[in-house]
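The file entry-v8.txt contains compact mmCIF, C-alpha atoms:
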```txt
# COMPACT_ATOMS: atom_id res chain seq x y z
CA MET A 1 -16.76 23.48 44.06
CA LEU A 2 -19.28 22.35 41.43
CA GLU A 3 -19.63 25.92 40.20
CA ARG A 4 -15.86 26.22 39.70
CA LEU A 5 -15.75 22.90 37.87
CA PHE A 6 -18.59 24.05 35.58
CA VAL A 7 -16.73 27.29 34.80
CA ALA A 8 -13.54 25.34 34.05
CA LEU A 9 -15.39 23.06 31.63
CA LEU A 10 -16.90 26.08 29.89
CA LEU A 11 -13.45 27.60 29.48
CA ILE A 12 -12.05 24.38 28.06
CA SER A 13 -14.90 24.04 25.58
CA ALA A 14 -14.33 27.62 24.47
CA LEU A 15 -10.69 26.99 23.55
CA PRO A 16 -10.11 27.08 19.79
CA VAL A 17 -9.56 23.72 18.07
CA ARG A 18 -5.97 23.53 16.82
CA ALA A 19 -5.83 23.47 13.03
CA ILE A 20 -4.13 20.50 11.36
CA GLU A 21 -1.59 21.45 8.70
CA ILE A 22 -0.52 18.68 6.32
CA LYS A 23 2.12 18.82 3.59
CA ASP A 24 1.47 16.04 1.08
CA ASP A 25 3.68 14.08 -1.30
CA LEU A 26 3.43 16.74 -4.01
CA GLY A 27 4.42 19.52 -1.62
CA HIS A 28 0.88 20.92 -1.35
CA THR A 29 -0.14 22.14 2.11
CA THR A 30 -3.69 21.49 3.31
CA VAL A 31 -5.09 23.05 6.46
CA LEU A 32 -7.91 21.24 8.25
CA ALA A 33 -9.83 23.19 10.88
CA ALA A 34 -10.53 19.95 12.78
CA PRO A 35 -10.00 16.21 12.38
CA PRO A 36 -12.13 15.13 9.38
CA GLN A 37 -15.27 13.15 10.09
CA ARG A 38 -16.17 12.47 6.43
CA ILE A 39 -13.30 10.95 4.45
CA VAL A 40 -13.02 9.72 0.88
CA SER A 41 -10.06 7.43 0.10
CA LEU A 42 -9.09 6.74 -3.50
CA LEU A 43 -6.23 4.27 -2.91
CA PRO A 44 -6.60 0.83 -1.29
CA SER A 45 -3.49 1.16 0.88
CA LEU A 46 -4.76 4.50 2.22
CA THR A 47 -8.20 2.98 2.87
CA GLU A 48 -6.58 0.17 4.85
CA THR A 49 -4.43 2.67 6.76
CA VAL A 50 -7.44 4.76 7.77
CA CYS A 51 -9.20 1.64 9.02
CA GLU A 52 -6.16 0.28 10.82
CA LEU A 53 -5.94 3.58 12.70
CA GLY A 54 -9.49 3.07 13.93
CA ALA A 55 -11.27 5.53 11.65
CA CYS A 56 -13.11 3.20 9.26
CA ALA A 57 -16.43 4.67 10.38
CA ARG A 58 -15.33 8.06 9.06
CA LEU A 59 -15.03 6.78 5.47
CA VAL A 60 -17.94 7.81 3.25
CA GLY A 61 -16.59 6.55 -0.10
CA VAL A 62 -13.67 4.62 -1.56
CA ASP A 63 -12.13 3.70 -4.91
CA ARG A 64 -13.23 0.65 -6.90
CA TYR A 65 -10.36 -1.54 -5.67
CA SER A 66 -10.63 -0.88 -1.94
CA ASN A 67 -12.02 -4.14 -0.59
CA TYR A 68 -10.45 -4.52 2.85
CA PRO A 69 -11.54 -4.56 5.59
CA VAL A 70 -14.86 -6.06 4.57
CA GLN A 71 -16.99 -3.15 5.80
CA VAL A 72 -15.63 -0.81 3.11
CA ASN A 73 -17.43 -2.90 0.48
CA ALA A 74 -20.69 -1.33 1.65
CA LEU A 75 -19.44 2.18 0.83
CA PRO A 76 -20.02 4.02 -2.45
CA LYS A 77 -17.41 3.00 -5.04
CA LEU A 78 -16.00 6.04 -6.80
CA GLY A 79 -14.08 4.56 -9.74
CA GLY A 80 -10.38 4.05 -10.38
CA LEU A 81 -7.39 6.16 -11.37
CA ASP A 82 -8.69 6.86 -14.86
CA ASP A 83 -12.45 7.12 -14.26
CA THR A 84 -12.86 8.71 -10.84
CA ASN A 85 -16.41 9.96 -10.34
CA VAL A 86 -15.67 13.55 -9.31
CA GLU A 87 -19.33 14.58 -9.17
CA MET A 88 -20.19 11.69 -6.85
CA ILE A 89 -17.28 12.59 -4.57
CA ALA A 90 -18.47 16.19 -4.36
CA ALA A 91 -22.00 15.01 -3.56
CA LEU A 92 -20.65 13.05 -0.56
CA LYS A 93 -19.41 16.36 0.94
CA PRO A 94 -16.17 14.93 2.38
CA ASP A 95 -14.05 16.90 4.82
CA VAL A 96 -10.98 15.53 3.06
CA VAL A 97 -10.14 13.35 0.06
CA LEU A 98 -7.06 11.09 0.14
CA VAL A 99 -5.71 10.43 -3.36
CA ALA A 100 -2.70 8.77 -4.98
CA VAL A 101 0.15 10.69 -6.60
CA SER A 102 -0.73 8.92 -9.84
CA SER A 103 -4.33 10.16 -9.66
CA ARG A 104 -5.38 12.87 -12.12
CA VAL A 105 -8.24 14.37 -10.13
CA ALA A 106 -6.58 16.26 -7.29
CA GLU A 107 -6.78 19.68 -8.95
CA ARG A 108 -10.34 19.07 -10.20
CA LEU A 109 -11.41 18.24 -6.67
CA ARG A 110 -9.66 21.30 -5.26
CA ALA A 111 -11.37 23.44 -7.89
CA LEU A 112 -14.66 22.27 -6.36
CA GLY A 113 -13.52 23.54 -2.99
CA LEU A 114 -12.61 20.14 -1.52
CA LYS A 115 -9.64 19.49 0.74
CA VAL A 116 -7.29 17.02 -1.00
CA ILE A 117 -4.20 15.27 0.38
CA VAL A 118 -1.99 13.40 -2.09
CA LEU A 119 -0.13 10.40 -0.65
CA GLU A 120 1.34 7.31 -2.25
CA PRO A 121 3.73 5.03 -0.34
CA ARG A 122 6.15 3.06 -2.52
CA SER A 123 8.88 2.04 -0.07
CA TYR A 124 9.20 1.03 3.57
CA ARG A 125 10.23 4.58 4.47
CA ASP A 126 7.20 5.92 2.59
CA VAL A 127 4.85 3.59 4.47
CA GLN A 128 6.18 4.74 7.83
CA ARG A 129 5.91 8.38 6.77
CA VAL A 130 2.38 8.02 5.36
CA LEU A 131 1.23 6.28 8.54
CA GLY A 132 2.41 9.33 10.48
CA THR A 133 0.73 11.72 8.05
CA VAL A 134 -2.61 9.91 8.10
CA GLY A 135 -2.35 9.69 11.88
CA ARG A 136 -2.01 13.50 12.03
CA VAL A 137 -4.95 13.94 9.64
CA LEU A 138 -7.11 11.72 11.84
CA ASP A 139 -5.67 13.14 15.08
CA VAL A 140 -4.80 9.60 16.17
CA PRO A 141 -2.02 9.38 18.78
CA ASP A 142 0.87 6.97 18.24
CA ALA A 143 0.03 5.99 14.66
CA GLN A 144 3.54 4.52 14.55
CA ARG A 145 2.32 1.57 16.62
CA VAL A 146 1.11 0.16 13.29
CA TRP A 147 4.61 0.51 11.85
CA ARG A 148 6.10 -1.28 14.85
CA HIS A 149 3.64 -4.12 14.28
CA ILE A 150 4.68 -4.28 10.61
CA GLU A 151 8.38 -4.38 11.52
CA ALA A 152 7.83 -7.13 14.09
CA GLY A 153 5.78 -9.20 11.62
CA VAL A 154 8.35 -8.87 8.84
CA ALA A 155 11.12 -9.85 11.25
CA ALA A 156 9.13 -12.91 12.32
CA ALA A 157 8.60 -13.88 8.67
CA ALA A 158 12.34 -13.50 8.01
CA GLY A 159 13.06 -15.73 10.97
CA SER A 160 10.92 -18.48 9.43
CA VAL A 161 12.92 -18.62 6.17
CA PRO A 162 15.16 -21.70 6.16
CA ALA A 163 18.91 -21.36 5.68
CA ARG A 164 18.75 -23.19 2.34
CA ALA A 165 16.67 -20.33 0.92
CA ARG A 166 19.05 -17.57 1.94
CA GLY A 167 20.51 -15.76 -1.04
CA ILE A 168 18.28 -17.46 -3.61
CA ARG A 169 17.72 -15.20 -6.64
CA VAL A 170 14.07 -14.28 -7.18
CA TYR A 171 12.04 -12.75 -10.00
CA TYR A 172 8.79 -11.25 -8.75
CA GLU A 173 6.36 -10.27 -11.52
CA VAL A 174 3.84 -7.89 -9.98
CA ALA A 175 1.58 -7.21 -12.97
CA PRO A 176 0.86 -8.61 -16.45
CA GLY A 177 3.16 -7.23 -19.11
CA LEU A 178 6.32 -8.20 -17.24
CA TYR A 179 6.25 -5.46 -14.63
CA ALA A 180 8.66 -6.53 -11.94
CA ALA A 181 9.23 -5.69 -8.29
CA GLY A 182 12.51 -3.79 -8.23
CA THR A 183 14.95 -3.80 -5.36
CA VAL A 184 13.88 -0.30 -4.31
CA SER A 185 10.14 -1.07 -4.21
CA PHE A 186 8.44 -2.04 -0.96
CA MET A 187 8.06 -5.57 -2.37
CA GLY A 188 11.75 -5.69 -3.22
CA GLU A 189 12.61 -4.40 0.24
CA THR A 190 10.58 -7.24 1.74
CA LEU A 191 12.57 -9.75 -0.32
CA THR A 192 15.76 -8.19 1.03
CA GLN A 193 14.42 -8.41 4.58
CA LEU A 194 13.76 -12.11 3.99
CA GLY A 195 17.39 -12.61 3.01
CA VAL A 196 16.96 -13.43 -0.68
CA GLY A 197 18.26 -11.84 -3.86
CA ASN A 198 16.40 -9.94 -6.56
CA ILE A 199 17.32 -10.15 -10.25
CA ILE A 200 16.12 -6.53 -10.73
CA PRO A 201 18.87 -4.04 -9.83
CA PRO A 202 18.12 -0.73 -8.04
CA GLU A 203 18.89 1.40 -11.09
CA LEU A 204 15.85 0.02 -12.94
CA GLY A 205 13.51 1.64 -10.41
CA PRO A 206 10.70 0.28 -8.25
CA PHE A 207 8.42 -1.38 -10.84
CA PRO A 208 10.15 -1.56 -14.24
CA LYS A 209 8.73 -3.20 -17.36
CA ILE A 210 11.18 -5.99 -18.15
CA ASN A 211 12.22 -7.52 -21.46
CA PRO A 212 11.48 -11.28 -21.37
CA GLU A 213 15.04 -12.01 -22.51
CA TYR A 214 16.36 -10.15 -19.48
CA VAL A 215 14.67 -12.68 -17.20
CA VAL A 216 16.03 -15.59 -19.25
CA LYS A 217 19.59 -14.24 -18.97
CA ALA A 218 19.20 -13.47 -15.27
CA ASN A 219 18.04 -17.08 -14.73
CA PRO A 220 16.20 -16.72 -11.39
CA ALA A 221 16.04 -19.73 -9.12
CA LEU A 222 12.49 -18.88 -8.02
CA ILE A 223 9.60 -16.96 -9.59
CA MET A 224 6.79 -15.22 -7.72
CA ILE A 225 3.73 -14.13 -9.68
CA GLY A 226 0.04 -13.39 -9.20
CA SER A 227 -2.58 -15.73 -10.62
CA ARG A 228 -3.90 -12.95 -12.89
CA GLY A 229 -0.66 -12.96 -14.90
CA SER A 230 0.53 -16.53 -14.52
CA GLU A 231 -1.29 -18.10 -17.47
CA GLY A 232 1.19 -19.25 -20.10
CA LEU A 233 4.18 -18.42 -17.91
CA THR A 234 6.03 -21.65 -18.63
CA GLN A 235 5.34 -21.34 -22.38
CA ARG A 236 6.98 -17.95 -22.79
CA PRO A 237 9.68 -18.18 -25.49
CA GLY A 238 12.98 -19.29 -24.00
CA TRP A 239 11.70 -19.46 -20.46
CA GLN A 240 11.83 -23.27 -20.36
CA GLN A 241 15.58 -22.94 -19.74
CA ILE A 242 15.12 -20.78 -16.62
CA ASP A 243 16.18 -22.71 -13.54
CA ALA A 244 13.01 -21.76 -11.61
CA ILE A 245 10.78 -23.24 -14.33
CA LYS A 246 12.90 -26.34 -14.88
CA ARG A 247 12.73 -27.12 -11.16
CA GLY A 248 9.10 -26.08 -10.63
CA ARG A 249 10.06 -23.29 -8.25
CA ILE A 250 7.11 -21.02 -9.02
CA CYS A 251 4.80 -19.46 -6.45
CA VAL A 252 1.46 -18.32 -7.87
CA PHE A 253 -0.40 -16.03 -5.49
CA LYS A 254 -4.19 -16.15 -5.31
CA PRO A 255 -6.09 -12.89 -6.03
CA ASP A 256 -6.67 -12.11 -2.35
CA GLU A 257 -2.99 -12.78 -1.64
CA GLY A 258 -2.07 -10.60 -4.61
CA ASP A 259 -4.04 -7.73 -3.07
CA ILE A 260 -2.14 -8.11 0.19
CA MET A 261 1.21 -8.20 -1.60
CA ALA A 262 0.48 -5.16 -3.76
CA ARG A 263 -0.56 -2.76 -1.00
CA PRO A 264 2.11 -0.84 0.90
CA GLY A 265 0.28 -0.46 4.17
CA PRO A 266 -0.82 -2.19 7.36
CA ARG A 267 -0.80 -5.72 5.86
CA MET A 268 2.85 -5.68 4.78
CA ALA A 269 3.77 -8.12 7.54
CA GLU A 270 1.16 -10.52 6.17
CA ALA A 271 2.69 -10.08 2.70
CA ALA A 272 6.10 -10.96 4.14
CA GLN A 273 4.62 -14.11 5.66
CA ILE A 274 3.17 -15.14 2.29
CA MET A 275 6.58 -14.67 0.65
CA ALA A 276 8.27 -16.58 3.46
CA ARG A 277 5.83 -19.48 3.00
CA CYS A 278 6.72 -19.53 -0.69
CA LEU A 279 10.42 -19.70 0.16
CA ARG A 280 9.87 -22.51 2.66
CA GLU A 281 7.87 -24.56 0.18
CA LYS A 282 9.80 -23.94 -3.03
CA ALA A 283 13.38 -22.92 -2.26
```
If you convert what's in this file into structure tokens, what do you get?
Amino acid sequence: MLERLFVALLLISALPVRAIEIKDDLGHTTVLAAPPQRIVSLLPSLTETVCELGACARLVGVDRYSNYPVQVNALPKLGGLDDTNVEMIAALKPDVVLVAVSSRVAERLRALGLKVIVLEPRSYRDVQRVLGTVGRVLDVPDAQRVWRHIEAGVAAAAGSVPARARGIRVYYEVAPGLYAAGTVSFMGETLTQLGVGNIIPPELGPFPKINPEYVVKANPALIMIGSRGSEGLTQRPGWQQIDAIKRGRICVFKPDEGDIMARPGPRMAEAAQIMARCLREKA
């Protein structure tokens, strides 16, 4: 009996490991011989996704802005979109590098013989898809459990928004220079889920740069903005006549909240709760 069991185990161990084939957001196909044990992530939302799927210990380096969960702060920081340290990445000998679509280093890394997967979620659908893709890369079963948690959290946040706030028109400035959250961005989709309006129409895209006069004419009833770009907001020419400013309906998000809001990944439910709190307090 024991001899047969030993033979069976030997046969199982001799079976070839099934290769993992991944098609990324730029249509490039990467084949991994086995689930990667050394991962570099160059986008905060991808870093958070890897960790949420239980593979934080497999990360060997991250981009400059990846700061959550706290343990990633002990990893080598490899720069940002414009100054990625390619040589340092190569020295880490990763099994795979996860990079953003907007990154310029994918081909340079591939030229060094590294496996590179390009992913960048920008909408709810993207987030669900990327969760599935990263789950396949990591060989993690039921990665979509994270998406179900996000959906439940966003629904709970929506349920906490009072009736008086329903339909209120919002301007959400996501970055200095008047870059706004459009209706088709993941931030805009969260606003829609919460039952409020967005002064940025779908045709302007996910994160358009807005003319200040456009905001004045649109006259939002509430403004959401990060603390990094809020200085001088009420002194912008003509903005004193905007209803949100006249009534003090401005939510300024702290830097750590801004990070949560700006990352299309596992903490989107928390972002929805921050927005819902704003609506409860200001609408």
Report as a tab-separated table the residues of range 182-279 of chain A within 9 Å of range 35-53 of chain A, each with its shortest atom pair and distance in Å (one decimal), using only C-alpha atoms, ordered by chain and increasing residue number.
```
residue	atom	partner	partner_atom	distance
A:Ala262	CA	A:Ser45	CA	8.8
A:Arg263	CA	A:Ser45	CA	5.2
A:Pro264	CA	A:Ser45	CA	5.9
A:Gly265	CA	A:Ser45	CA	5.3
A:Pro266	CA	A:Thr49	CA	6.1
A:Arg267	CA	A:Glu48	CA	8.3
```
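Rounded to one decimal, CA of Phe186 in chain A and CA of Val146 in chain A lie 16.2 Å from each other.
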request  = Select, from A:Gly177, A:Pro212, A:Pro201, A:Gly167, the residue with the minimum atom-to-atom distance to Arg228 in chain A, counting all atoms listed in the file.
outcome  = A:Gly177
ask   = Between A:Pro69, A:Val184, A:Glu189, A:Val174, which has the minimum distance to Lys209 in chain A (counting only C-alpha atoms)?
value =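 The shortest atom-to-atom distance to Lys209 in chain A comes from A:Val174.
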Range 150-165 of chain A surroundings by only C-alpha atoms, 6 Å radius, close-in-sequence under 4 positions cut, as a list in words = Leu194, Ala269, Ala272, Gln273, Ala276 and Ala283 of chain A
inquiry  = Between A:Tyr172, A:Pro237, A:Met224, A:Leu191, which residue has the minimum interatomic distance to Pro208 in chain A, considering only C-alpha atoms?
reply    =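 Under the stated criterion, the closest residue is A:Tyr172.
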note = Expressed in Å, the length from CA of Tyr68 in chain A to CA of Cys278 in chain A is 23.1 Å
ask   = Counting only C-alpha atoms, what is within 12 Å of Arg129 in chain A, bar same-chain residues fewer than 4 positions away, as a list in words?
value = Lys23, Asp24, Asp25, Thr49, Leu119, Glu120, Pro121, Arg122, Ser123, Tyr124, Arg125, Thr133, Val134, Gly135, Arg136, Ala143, Gln144, Val146, Trp147, Pro264 and Gly265 of chain A
query = Using all atoms listed in the file, which residues sit within 10 Å of Glu87 in chain A once same-chain residues fewer than 5 positions away are excluded, as a PyMOL selection string?
reply = chain A and resi 78+92+109+112
task = Would you please work out which residue, of A:Arg110, A:Val127, A:Ala57, A:Lys282, is nearest to Leu75 in chain A when using only C-alpha atoms?
result =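 Looking only at the distances to Leu75 in chain A, the closest residue turns out to be A:Ala57.
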message = With distances taken over all atoms listed in the file, which residue among A:Gly182, A:Leu59, A:Gly195, A:Thr30 lies nearest Asn73 in chain A?
response = A:Leu59
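Between CA of Ala33 in chain A and CA of Arg18 in chain A the separation is 7.1 Å.
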request  = Tell me which of A:Asn211, A:Val252, A:His28, A:Asp259 sits closest to Tyr65 in chain A, counting all atoms listed in the file.
outcome  = A:Asp259
